[in-house]
There are 2 protein chains.
Amino acid sequence: MKTVPHITDAEWEVMKVLWNESPRTANEVIDAMQERTEWKPKTIRTLLNRLAQKDAISFTQENRVYAYFPLVSEGECVKSETNSFLKRIYGGAFKPMLVNFLKEEQLSEEDIKELKDMLDGKRK
Amino acid sequence: MKTVPHITDAEWEVMKVLWNESPRTANEVIDAMQERTEWKPKTIRTLLNRLAQKDAISFTQENRVYAYFPLVSEGECVKSETNSFLKRIYGGAFKPMLVNFLKEEQLSEEDIKELKDMLDGKRK
DNA sequence: TCAACTGGATTACAACTGTAATACAACTTG
DNA sequence: CAAGTTGTATTACAGTTGTAATCCAGTTGA
């Protein structure tokens, strides 16, 4: 199983932008980020650098400008992060988390139906 | 809503021991921990100190010995951590995570039945 | 051509984390 | 009473993370 690098909170925001659309130049990423955060451009460049260093993204160079794109998919990362979260909080077991959350969360009638249908789908 | 302090990975292991049973002296915690980890006693004491500093636990003193106990419940912490996790990874929405996970995870027939029953229970 | 600007590379720096070791004070034992 | 033991308090130290600023080289406008 491919291992994805660990992506921090701040980096995750940058990844979202690139998952949403790529390749994007540093400045395009910065523009997109500034719609969602207050981060300074320099900060975002640092995050891009770190992500590139850990091979979460890469870039092509045109003239002086880099265009970045993800090397890891959102799905992979979500799965990886969720697994380590589950491991930490629930000892790795998925069902207890579900049980816990179903107790807490409020779901609409349609949500419930959708989830039940999914559960039915899993029944072989 | 009460805010719980942020508990790190390593600290979480200590909290589990105290949630499991408390109060426990430092040495009791250390013994319990050494069944699950390789950490040195000094390390575990550091973690107990940090948890006490951030008011996640407290202690009573008998003679020279401290007996530690949690100030925050496991449920509170689980909820808090899960919320920040959800926010980071799924933008705060619970259902997308469920959907994602139901796709991936394998559940037994009984698990599926149990979850469906819970979903039914939520239907008003 | 020279100064200003722009984009990337390098450096900064404190807080938090993991992972302890050392110092110290009290208690026990010879 | 002196020395070792034990439990706590203090200190250590590098890696990660958030959050940038500074430096430098190439590009561009005057």
# chains A, B, ... in the order shown; residues from 1 in each chain; ligands from 1
>>> interface_residues(of="chain A", to="chain C", cutoff="10 Å", atoms="only C-alpha atoms (C1' of nucleotides)", output="count of residues only")
7
>>> interface_residues(of="chain A", to="chain B", cutoff="10 Å", atoms="only C-alpha atoms", output="MDAnalysis selection string")
chainID A and resid 8:10 12:13 16 74:75 77:79 81:82 85:86 88:90 94:95 97:109 111:124
>>> closest_residue(among="B:Lys54, B:His6, B:Gln61, B:Glu11", to="chain D", atoms="only C-alpha atoms (C1' of nucleotides)")
B:Gln61
>>> interface_residues(of="chain D", to="chain A", cutoff="9 Å", atoms="only C-alpha atoms (C1' of nucleotides)", output="ChimeraX atom specification")
/D:17-21,26
>>> atom_distance(atom1="CA of Pro23 (chain B)", atom2="CA of Ile7 (chain B)")
18.8 Å
>>> select_by_dssp(residues="chain A", states="helix (DSSP H, G or I)", output="JSON, numbers by chain")
{"A": [9, 10, 11, 12, 13, 14, 15, 16, 17, 18, 19, 20, 26, 27, 28, 29, 30, 31, 32, 33, 34, 41, 42, 43, 44, 45, 46, 47, 48, 49, 50, 51, 52, 53, 74, 75, 76, 77, 78, 79, 80, 81, 82, 83, 84, 85, 86, 87, 88, 89, 90, 94, 95, 96, 97, 98, 99, 100, 101, 102, 103, 104, 109, 110, 111, 112, 113, 114, 115, 116, 117, 118, 119, 120, 121, 122]}
>>> residues_around(residues="Val72 (chain B)", least_positions_apart="6", cutoff="8 Å", atoms="only C-alpha atoms (C1' of nucleotides)", output="PyMOL selection string")
chain B and resi 4+56-57
>>> atom_distance(atom1="CA of Ala32 (chain B)", atom2="CA of Val17 (chain B)")
6.9 Å
>>> atom_distance(atom1="CA of Thr3 (chain B)", atom2="CA of Glu76 (chain B)")
8.6 Å
>>> select_by_dssp(residues="chain A", states="strand (DSSP E or B)", output="list in words")
Arg24, Thr25, Ile57, Ser58, Phe59, Thr60, Gln61, Glu62, Val65, Tyr66, Ala67, Tyr68, Phe69 and Pro70 of chain A
